[in-house]
Each structure stands twice: as C-alpha cells, then as structure tokens.
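S.K.: Below is the structure I would like to discuss, written out as structure tokens.
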Amino acid sequence: MAKIDDEPMVEDMITLRNLSQESLLRNLRKRYEKNLIYTYTGSILVSVNPFQSLPIYTQEIVRKYVGQRIGTIPPHIFAIAEDAYCHMKDFGLNQSMIISGESGAGKTEATKLILQYLAAMTQKHSSIEQKIIETSPIMEAFGNARTVRNNNSSRFGKFMEIQFNTSGSIHGAKITQYLLEKSRIVHQAQGERNFHVFYMLYLGVTADERKKYSLHSPMDTFHYINQSGMMEVKGIKDKDNFHEMREAFTVLGMDTTVQNDIFAIVAAILHNGNLNFGCGPAEGDQCYVENVDVLEIVAGLLKVAPDQLASALTIRHLEMRGEIIAKMLKPSEVVDNRDALSKSVYAKLFEWLVVQINKVIETPGQVANFIGILDIFGFENFAVNSFEQMCIDYANEKLQQHFNRHIFKLEQEEYEREKINWSKIIFNDNQPCIDLIEKQNNPPGILSLLDEECRFPKSSDQTFLTKIATVHAKTPDFFKPKTHNNSFVLNHYAGQVEYQVEGFLEKNRDTLSPDLVKLMQASELQLIKDIFPVESESNKAPITIGRNFKNQLISLTDTLSATAAHYVRCIKPNNLLVPSNLDDELVLAQLRYAGMLETIRIRKLGYPIRYPCDEFYKRYYIIGGKRLDKSATDEQYREACNKLLEKVKGLEKNENWQQGLTKVFFKDAVFGLVEDMRNKKLVKFVQTLQGWWRMILIRDYYRQMRKNIIIIQKVVRGKIGRLQYLYDRRCVILTQAAARRFICFHRWQKTKEEIKEKRRQEELEKKMKEDQERKEREEKELKERMAAGESEEAVMKEIIERREKEEEEKARIRAEKDKAEREKIAVLLKKEVEREEKLGIGKKRVRVPTEEEKEVDPPPTFQRAPRILPVSLVKAPEILAQNSTTKYLFEDYANEHFNVVVNKGFKALSKGKGDLASMLVHSKKPIEAPLHNLDKDQTALALEIFSRILDYQYEKGDEFGHVNFILEAGFKNLEIRDEIYCQIIKQTNDCPAKLQLIRGWRLLTFCVLAFPPRKDFLQYLVYHLNSNTGIRAKDMEAGELSLYASKTIAKRIIPRRRVPKFVRSNETSIET
C-alpha cells in the first residue's frame, strides 16, 4: 500500500503504474480533495459529484476548451462535449454521450453542462440554443423529485438529440422520454418528496392565483405531498424555481393561457388526493364523496361536472352481452380509481409537454448529424423496490451491456478478427441477467410472464410470483427468498435487489376506467381534451408498460449502437449528499460494478482508435505520403499505411499502433500525434491559400480605394480651388501681371535662344565658308608671292597678323551689339515696372519686411491681410531677367559658399582646390558636417535634415513624417533653407537608381512649393531647374518635375504664410 500512497496524482488513470482498485480509489480521492472532480480513463470521463458549486463552468472556461483535443488540457465535461462535436464535424458521424451512474451521482447536472457548452461554442448563434437550454427547468420540475439518495433525482429517462446542420451550427433538438415514475404521484417513501412542480406551484403562485387554484390550505394538508413528512429540501428554492419555470414556458412560446391551464391541472391533481370516500352500512351500497367542497374544486379546475366526476370515481360501467352494467366499487377500489386518475392525468400532461417542447425546438430543414445525450435513471436499490425499480434496473443492465459490448466484447472480437497481437481480457458479461428479464421464450423472461398474467382476469401478484419462481427456479441470477412470500431477488451487475410483487400487475396494465376517460374527453378545458384524445374503437389489446418500455430500450440501444459513443461515468461520493466527503466503500463499489478496472486495463493494453486502411490513408496521406489513384486496391492502401506510419517519429509499431488485415489500430495517447501532424499540414495549406486570397482581396481593395481616393481628391481639390479662387481674388491682378510677364519673358527668352541658335548656325556656316574662302585665298596668295620670290616665313607672318586683326574687329563689333541689346531689354523692363506702378499694382509693396517676421494664418472670413513680401521674391522677376545668358552653375556656388570640411565620403574642399564634383554627387551615407558654415544648433538640424532626405529617398520609416519635418524646418528657419536646397540637389546629382532620383526631385519640388531660397542662391536654383527641364533632363519624369518647379518658382512671387496643404493632409504626390 505504501507504493500506492507514493504514486503521483494523474489526470488519466490509464497512466497509473500500479493498476488496482485501490490505486483508482487513491487517485480519485487525491483529486477530489483538491476539487478536481473530473478524471480521464482514456476517452471515458469519470465525474465525482462535488455536492457544491465550483467556478469551473464560466464562459472563459468554455472558450478554453473550444478546439482542444482530449489529453492536451485538464479533464472536464466540456472536453468530452468538444470531442464529440469535433468527431461529428470531422467524420460526419452521429455521436452519443452516455451519462451513467446511480441516483445522486450528478447525471442531470452533467447533461445541463453539456447542453450549455454545445450552445455556447457553436459558431452561428440563434434563439434555438436558448430554447434548448430552457427545456431543462420544465423537465426537471415535472420529472424530478427528491429521493433518499438524491435531492434532484430524475424519475424518468431522457434522450435528447442535439441536431446540427452542415455548417456545424445547432439546427434543432428532439427529446424522447422513458418511463415516468407515476406511482410517486400518489405515494412517497419516508424522506422523499413528490415531483418538484407540486411544491413549486404551492409556494410560487401569486395571491390571486392562490385563490384561483384554491391553494389557501396549509401545505401539509395535501395528502399527495404530506405522506413522507419532507416538505422542504435544503438547497432547493421551490419559489425561485417556479419563476424560472414560468420564464422557460415563455421562451418556448407557451402563452399565459396555456400556462394557467397547466397549473390548473397540477392543482387539480393536488386536490384530488384529498378526496375522501364513505360507504353505506349495507354491503353493496354505493360509495360517496365525503368532502364535497374538495370535489367541487377538482371538478372546477378540470372543468367537468362534480356529480359526473363523483359517479365516475365510485361506479364502474361494464359491457356484458351487449348490456351496460353498473358496478358499485368498494372503498379501496374507489381510492385506487382516484389515484389512477391522478397518475393518468399527470403522465399524459408530461407526455403532452414533451410533444409541445419538441414542436418548438425541432425546427424544419435538413439535419446533417446529431449529438445524443442520454440522461437516464441510475441503478436503484431501496428498502422497498417495486415494478418501477425493476424497469429502472433493467434499463441500467441494458446500458451496461452496451458499455461492455462497446468496450470489451466487440473490441476483443475485432482484435481477433483483424489478427493483431492481443491478450484476451475476461470481463463480467450481464447477458444472462438481461435474458432473465426480457427474453421472449425458452424460457420466457419476467416481462413476458408479467404480460401473460395481465391477460388473465383472475390473475394476481401472487400467481405472477409463483409462475416466475417456477419457470426460473434454476436460473442463476434469480431466486425467491424463503423468508418472504411476496418478493423475488435478481442478481444485477451492481448487486442483488429484492423486488416486492405487490402492484406489479396493476402498474404493468396501467389502465384507467373508461368512465373517467370519457369524462376527461368531455371536459371544457381544452388542454384536458388534448391530452385525452378520442380514439377509434379497436379490439387490439392495449400495450403494457413493461412491453412498451422494453421496445423503447431496444430502440434506444439500436440508436446508441449506430453512433460513436462517449461515456461519462458519474460517481456518488457519499450518501449524506455533503461536499468534501468521499466514502471509500461506496465509491469502490461503484467503480467495481461499473467495470472501471477492466475498462482501464483494456484501454491501457488495447487500441481503441481504429480506421479502415483506405479511409486512414485518404485522411492522413498529407503528412508524408503520396495520393493513390481511385483504382488502388485494399492491399495497396495497407502497404501505403504501413510505410506512412513508419515515417512518423515517435510511433513504434506493436507498441503504439498495429496494422490488422483491413484496419489500422492506435492507442489513445499516440493517435493525437498523428492528428496534430495532419492539422499542422492543413493549417499550413490553409495559411498559404489565405495568404494568396488576402493578397487578391487587398490588391482589389487597394485599387478600388485608390480609384475612390483619386475621385475624392478631384472633388476636394475642386472645392478647395473654388474657395481659393474667391479667397485670392484680391490678388488676381498682381498674380496675372507677374505671370504674364514671366510667360512673355520665358517665351521671349526661348525665341531669343532659337534666333541665337539659328544665327549661330548661320554665322558658323558663314564663318566656315569665309574660313574656306580665306584659306583658299591665303594659299593662292602664298603661292603667288612665293613665285614672286618672297620667303614663305615672311608671307605666313603677314597673313597671321592680318587674321588676328580681323578677329579682334569682329569681337569688338559683337560686344557692342550685345551691349545694345541688354540696354534695350533694361529699358523695356523699366517701362513695365513703371506701367505696373501706374496701374496701382506696385502699391502693395510698400514695406519690405525682415526675414524674422513670422507669417500668420488668414482670418476665418477668408479676407487675407495685405501681403508682405520678402526681398528675394519681390525682386525675383528682376533677378531672373538680369543676365539671363549668364551660367549660374551649382559648382560655382559651392566654391564660393560651401564650408571646407572633411566629411565621410568626400574629399577636402576649399575654394579652387580639391575635387568639387565628389562633394556634389549622391551619397548613400549621412554626412558628418553641413555643406554651409552654420552655428552649432543649425549644424545639428542640417545633419538631421540630410538623414531625413536619405530615409525619404530609400523609403525608410514614415514617409510623411520625413517630408513634414524637412518642410517645417525650412519654413520656420530662413538660415537653413539654402542648406536644404543644396542637400537635395546634391542627392539628385549622379543618382544611381531611378527611384531615388525621382524621389529626390519630388522632394525638391515640395520645397519650391513650400518656401523660396534666399537671394544669394535664387539664380543658381533657377538655372539648375532650367538646366534639367524637358529633354535636357536625364530622366523624363525628373524633367517634368523640374519643369513644374521652374514654373512654380517663377509664378510664386508671393510667399506662403503656412505649410502647404499637401503636407498637412499627408499628400506626398504631385500631379504635374
């Protein structure tokens, strides 16, 4: 035992090193003490009832278990529900969840938790999930009661099909109920209660409803609920549960009228139990109702005539030889008749409720699959056991047989059939006990003998007992106690149970007096008419309760056999129904008769997961195999499976898996490895497809957004343009004048250049002609004079001197001509300025501000204040016009103004020294010093600006942020403007890549739009722009940008007062 005590606590009892009943109990105890109530046995869940609320069923816990495989996270009822849901979706098979255990083990709560999980985790939610959940309060109110073993024991069996559509969402549900314990309505043992609804109705109704249902008497005065002395149960709030039930009725679409009819019937049954009967002194006198006031209450609630109700209860009409004979009932028979009415009405009401609930939750449409949840009464062995307990124990025998067949018998038969290595395990087969109860003949079972006795008019419970004792005298699982004359004993899988035969025949017949049936059919209460429909007369004998229940169980087991089963074994820790108390003997007995030790052994040694070879390979070939043709044979699939599994690391043949003749078998622990590998492959494929699909979507979205943005830009720019037009109207004359002058000057300059070029060509041709003629003339002269005897040297000297004089004369004439032209242009410009002053245009240039003056935003009324122009732009037209033929080369500006620095990537420069071009070409790395001689603060800013220019050109970081920083710096700092222009021009010279060249010119254009250069640099900037426009540029797009900047700097003679809108709106593209 010491070794067992030292063994660590495990989540799956298959992994226990020492496998015994004591080790199972020890592991469950350790976990129960830590409130770990769930434990795995392979894929079977063992649940120990905690008898207290635990915080392990929240929405956060639900999300934790969604998509998780069993064994990867701690055991939980949600994990079993998730496993069933995933198997249904992955394999398209119906699933069933079989929740078993004795009364008080927590089966009903487990069922509700599974419903909660399935409703919460499906992808598409609708009202049907809430309706399915709301069925539980109604079914528990009418079908559950307090027993000596359980405060909320299900006194009926329930199989609920949760139906799903093809997308995996809940589509509907269907409830099938089995064998309601009707005898509880009229009698309860000591310490037990009737069905919850009677107590809920009494405590939960309003004052008006209490008067309506005549529930003013104390609760303990009602015979049907006062027999056991148990009125209230700790932990059950009947009043709150009544309101919860009413809300459930409303959610399921039952209006107030229907609810009132239901409560009226329940109240009528409650009052019906208080009817007392008397009889005359002579034998054969008719019995009568002593308390007529109670009779009137019952009749009023059922809406029948009181005298007719009294007659139907005390007199039975029989048809003999075509005549109707009235038989006066004895007092005991009258009481039985009263109780039979109560049981029949309640049972039919319960059946009607199930039908109505199914109409609401069973929605039309195609159902792909379902998950069935079986919540049925547990094995029972009370002090007094009757017909109901025998049926309940019979149902548990059938379920245990299904479990045995699923876990033991069929599994071992398949191992032998597939010829895999296996040592057979012996288990307790309960088929003999089932045959004893249900067998039809040779010899007939107890239910068959009971039906046979029910057909004889003079049969009794004692004749039935005598018959079964005679037929099954030699049956091992049956014996009749010698000390009791009215009971028999059956040897069930869970132990021996003694059954009292009193009432067996009457309960099996389950017949109601025809007089009472006709009275109910004539009721004015529509609900009573619905539950007692008029049926056509038939000579066919009514089906007995035992036969009907047997047929239901056979249908249920057939349904379960056609599904993939998942088991939840509920364990009751103690009979006191208190938390933190585990009774070793009680738990060990439940583990023993549930066959858990054999289950663990076969799960540990066996291979519970199996696939046909072709299905397995088609599903898992993606982890490392090749797809086979459709014509592949079974042998080819078998070989392919073998090769595939041998490639998987961590799987050892015969230990973790085996290959049979037609199937592949796996252990629980290792099959998840194969499934995980498949899931990883699928995830990879899906991610690839998603990547491509998202790329297509984003690309289409980008194109559409770009198209929309362009349209919006056009509209916005149009609006801005219209507003700007109104805003700038006061400046139109000045702007037009400056623009026209610049355009005329540009055209004149272009025409002049064309004329000059033409003249130059003509002069060149003329000069070439003259040179040719002069050459010929000089050669002729040389020959003639040499012929006349003059020396060649003297002649050549004279010719050269004459040629030099001619060149000097031509140069003088050309200089005078150029001077005259410049004077003429100056006169024209002077007249233009005088003309503007006469028109009043020049009056706006009254004051020339200093460079330190700050520009302010225009007032909100769009009435701009008089503009103050810097000197550099006031004189821009004159500067551009003066010496237009002079070449203002950037290299010349650098020689004169640049700082002499040894910078990384450049040579030492000084005026007239060094390689100037090496300093002015594109650099991929930051400079170590500014190009101009700046102070300390301006130096740091200049280096940061160059770094931003590099990042913008090479698309690093926030593009808008870089542009905004550079333009803000130039806009606010006059001293740094020329530095910015020079850095950008440097980065556009000899740029190795087209993209960086275009981005450099774009940035230069942004600067031109934002702020002008200083006066000293203006001529050089204009010349640089004009030198790179049109076909003279190295790149066509760069040339267009240069042309745009050149036109802009010529037109924009009025400086901006703030940063341009394209910077503030994150618009860094230019349409030229």
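In the structure tokens, chains take the letters A, B, ... in the order shown, each chain's residues start at 1, and ligands count up from 1 in the order shown.
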With the cut-off set at 9 Å and counting only C-alpha atoms, tabulate each residue of range 89-148 of chain A with an atom at most that distance from an atom of range 57-61 of chain A, showing the nearest atom pair and its distance in Å to one decimal, ordered by chain and increasing number, as CSV.
M.R.:
residue,atom,partner,partner_atom,distance
A:Leu113,CA,A:Tyr57,CA,7.8
A:Tyr117,CA,A:Tyr57,CA,8.8
A:Ala120,CA,A:Gln59,CA,7.9
S.K.: Determine which residues of range 51-160 of chain A receive a DSSP assignment of strand (DSSP E or B), computed from the backbone, and state them as a ChimeraX atom specification.
M.R.: /A:95-100,144-145,153-154,157-160
S.K.: Can you tell me, as a PyMOL selection string, which residues in range 415-486 of chain A count as alpha helix (DSSP H) by DSSP?
M.R.: chain A and resi 415-418+431-438+446-454+461-471
S.K.: Between CA of Phe665 in chain A and CA of Thr41 in chain A, what is the distance in Å, rounded to a tenth?
M.R.: 18.3 Å
S.K.: Which residues come within 9 Å of Pro444 in chain A, counting only C-alpha atoms, excluding same-chain residues fewer than 6 positions away, as a list in words?
M.R.: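 These residues fall inside the cut-off: Asp435, Leu436, Ile437, Glu438, Val471 and His472 of chain A.
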S.K.: Write the residues of the selection above to a file with all heavy atoms, as a compact mmCIF listing (two decimals), in the first residue's frame.
M.R.:
# COMPACT_ATOMS: atom_id res chain seq x y z
N ASP A 435 -31.41 -11.51 -20.30
CA ASP A 435 -32.30 -12.57 -20.80
C ASP A 435 -33.35 -12.93 -19.76
O ASP A 435 -34.52 -13.19 -20.09
CB ASP A 435 -31.49 -13.80 -21.18
CG ASP A 435 -30.61 -13.56 -22.40
OD1 ASP A 435 -30.91 -12.61 -23.15
OD2 ASP A 435 -29.63 -14.30 -22.58
N LEU A 436 -32.95 -12.95 -18.50
CA LEU A 436 -33.88 -13.28 -17.43
C LEU A 436 -35.05 -12.29 -17.40
O LEU A 436 -36.19 -12.66 -17.09
CB LEU A 436 -33.14 -13.27 -16.09
CG LEU A 436 -33.98 -13.37 -14.82
CD1 LEU A 436 -34.75 -14.69 -14.77
CD2 LEU A 436 -33.09 -13.22 -13.59
N ILE A 437 -34.80 -11.04 -17.77
CA ILE A 437 -35.85 -10.02 -17.70
C ILE A 437 -36.64 -9.92 -19.01
O ILE A 437 -37.87 -9.86 -19.01
CB ILE A 437 -35.23 -8.65 -17.36
CG1 ILE A 437 -34.57 -8.70 -15.97
CG2 ILE A 437 -36.28 -7.55 -17.38
CD1 ILE A 437 -33.81 -7.44 -15.62
N GLU A 438 -35.95 -9.91 -20.16
CA GLU A 438 -36.62 -9.55 -21.40
C GLU A 438 -36.84 -10.70 -22.38
O GLU A 438 -37.51 -10.50 -23.40
CB GLU A 438 -35.82 -8.45 -22.11
CG GLU A 438 -34.52 -8.94 -22.72
CD GLU A 438 -33.82 -7.88 -23.55
OE1 GLU A 438 -34.20 -6.71 -23.46
OE2 GLU A 438 -32.87 -8.24 -24.27
N VAL A 471 -40.78 -21.04 -13.26
CA VAL A 471 -40.08 -21.04 -14.55
C VAL A 471 -38.58 -20.84 -14.35
O VAL A 471 -37.76 -21.47 -15.04
CB VAL A 471 -40.67 -19.95 -15.46
CG1 VAL A 471 -39.84 -19.84 -16.74
CG2 VAL A 471 -42.13 -20.27 -15.79
N HIS A 472 -38.19 -19.98 -13.43
CA HIS A 472 -36.77 -19.62 -13.30
C HIS A 472 -36.16 -20.18 -12.01
O HIS A 472 -35.24 -19.58 -11.44
CB HIS A 472 -36.61 -18.09 -13.31
CG HIS A 472 -36.99 -17.47 -14.62
ND1 HIS A 472 -36.23 -17.59 -15.74
CD2 HIS A 472 -38.09 -16.74 -14.96
CE1 HIS A 472 -36.80 -16.93 -16.73
NE2 HIS A 472 -37.94 -16.41 -16.28
S.K.: Calculated over only C-alpha atoms, which of the candidates A:Asn151, A:Val205, A:Phe1006, A:Ala565 has the smallest distance to Glu968 in chain A?
M.R.: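 So, comparing all the options, the nearest one is A:Phe1006.
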S.K.: How many Å lie between CA of Pro432 in chain A and CA of Lys480 in chain A, rounded to one decimal?
M.R.: 17.3 Å
S.K.: What does the distance between CA of Thr475 in chain A and CA of Asp393 in chain A come to in Å, to one decimal place?
M.R.: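 Separation between CA of Thr475 in chain A and CA of Asp393 in chain A: 18.1 Å.
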S.K.: If you count only C-alpha atoms, which residues fall within 12 Å of Val251 in chain A, apart from same-chain ones fewer than 2 positions away, as a compact mmCIF listing (two decimals) with N, CA and C atoms, in the first residue's frame?
M.R.:
# COMPACT_ATOMS: atom_id res chain seq x y z
N SER A 127 -31.84 31.76 -31.62
CA SER A 127 -32.70 31.58 -30.45
C SER A 127 -32.87 30.11 -30.09
N ILE A 128 -32.58 29.19 -31.01
CA ILE A 128 -32.82 27.77 -30.73
C ILE A 128 -31.94 27.28 -29.60
N GLU A 129 -30.71 27.78 -29.48
CA GLU A 129 -29.85 27.35 -28.38
C GLU A 129 -30.47 27.70 -27.03
N GLN A 130 -31.00 28.94 -26.91
CA GLN A 130 -31.62 29.35 -25.65
C GLN A 130 -32.85 28.51 -25.35
N LYS A 131 -33.62 28.18 -26.38
CA LYS A 131 -34.82 27.36 -26.17
C LYS A 131 -34.45 25.97 -25.68
N ILE A 132 -33.38 25.39 -26.24
CA ILE A 132 -32.97 24.06 -25.80
C ILE A 132 -32.56 24.08 -24.33
N ILE A 133 -31.83 25.12 -23.94
CA ILE A 133 -31.40 25.23 -22.55
C ILE A 133 -32.61 25.41 -21.62
N GLU A 134 -33.62 26.16 -22.10
CA GLU A 134 -34.78 26.44 -21.26
C GLU A 134 -35.68 25.22 -21.09
N THR A 135 -35.43 24.14 -21.81
CA THR A 135 -36.23 22.93 -21.58
C THR A 135 -35.90 22.28 -20.24
N PRO A 137 -35.41 23.52 -17.05
CA PRO A 137 -36.24 23.84 -15.87
C PRO A 137 -37.62 23.18 -15.92
N ILE A 138 -38.20 23.06 -17.11
CA ILE A 138 -39.54 22.45 -17.23
C ILE A 138 -39.46 20.95 -16.98
N GLU A 244 -38.52 30.62 -12.52
CA GLU A 244 -37.63 30.21 -13.60
C GLU A 244 -38.37 29.31 -14.60
N MET A 245 -39.23 28.43 -14.08
CA MET A 245 -40.02 27.58 -14.97
C MET A 245 -40.97 28.41 -15.82
N ARG A 246 -41.59 29.42 -15.21
CA ARG A 246 -42.50 30.29 -15.96
C ARG A 246 -41.77 31.01 -17.08
N GLU A 247 -40.59 31.50 -16.80
CA GLU A 247 -39.80 32.17 -17.84
C GLU A 247 -39.46 31.19 -18.96
N ALA A 248 -39.17 29.95 -18.60
CA ALA A 248 -38.87 28.93 -19.61
C ALA A 248 -40.09 28.68 -20.49
N PHE A 249 -41.29 28.62 -19.89
CA PHE A 249 -42.52 28.47 -20.68
C PHE A 249 -42.66 29.61 -21.68
N GLY A 253 -42.54 29.76 -26.03
CA GLY A 253 -43.72 30.18 -26.79
C GLY A 253 -45.05 29.75 -26.21
N MET A 254 -45.09 29.31 -24.95
CA MET A 254 -46.37 28.95 -24.32
C MET A 254 -46.92 30.18 -23.60
N ASP A 255 -48.06 30.64 -24.07
CA ASP A 255 -48.61 31.88 -23.52
C ASP A 255 -49.20 31.66 -22.13
N THR A 256 -49.70 32.75 -21.55
CA THR A 256 -50.22 32.71 -20.18
C THR A 256 -51.43 31.80 -20.06
N ILE A 357 -42.75 20.76 -26.42
CA ILE A 357 -41.36 21.23 -26.43
C ILE A 357 -40.67 20.82 -27.72
N VAL A 360 -41.37 23.01 -30.63
CA VAL A 360 -40.67 24.31 -30.60
C VAL A 360 -39.20 24.15 -30.98
N ILE A 361 -38.55 23.15 -30.44
CA ILE A 361 -37.09 23.04 -30.62
C ILE A 361 -36.70 22.19 -31.83
S.K.: Could you pull the residues within 12 Å of Ile262 in chain A, counting only C-alpha atoms, minus those fewer than 2 positions along the same chain, as a ChimeraX atom specification?
M.R.: /A:138,142,197-198,201,213,246,249,254-260,264-269,301-302,345-346,348-350,352-353,525-528,530-531
S.K.: Which residue out of A:Pro331, A:Gly961, A:Pro573, A:Gly625 has the minimum interatomic distance to Asp285 in chain A when only C-alpha atoms are used?
M.R.: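 So, comparing all the options, the nearest one is A:Pro331.
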S.K.: Restricting the calculation to only C-alpha atoms, which member of A:Leu45, A:Leu673, A:Val833, A:Ile945 is positioned closest to Thr72 in chain A?
M.R.: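 Checking each of A:Leu45, A:Leu673, A:Val833, A:Ile945 against Thr72 in chain A, counting only C-alpha atoms, the winner is A:Leu673.
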S.K.: Residues at most 9 Å from Thr122 in chain A, counting only C-alpha atoms, excluding those fewer than 6 positions away in the same chain, as a ChimeraX atom specification?
M.R.: /A:168-170
S.K.: For the residues in the current selection, export N, CA, C and O atoms as a compact mmCIF listing (two decimals), in the first residue's frame.
M.R.:
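Written file, selection-v3.txt:
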# COMPACT_ATOMS: atom_id res chain seq x y z
N GLY A 168 -22.23 23.05 -38.98
CA GLY A 168 -21.82 22.78 -37.61
C GLY A 168 -22.56 23.59 -36.57
O GLY A 168 -22.19 23.57 -35.40
N SER A 169 -23.62 24.32 -36.97
CA SER A 169 -24.40 25.10 -36.01
C SER A 169 -25.62 24.29 -35.57
O SER A 169 -26.12 23.43 -36.31
N ILE A 170 -26.09 24.59 -34.37
CA ILE A 170 -27.26 23.88 -33.85
C ILE A 170 -28.47 24.22 -34.70
O ILE A 170 -28.80 25.40 -34.91
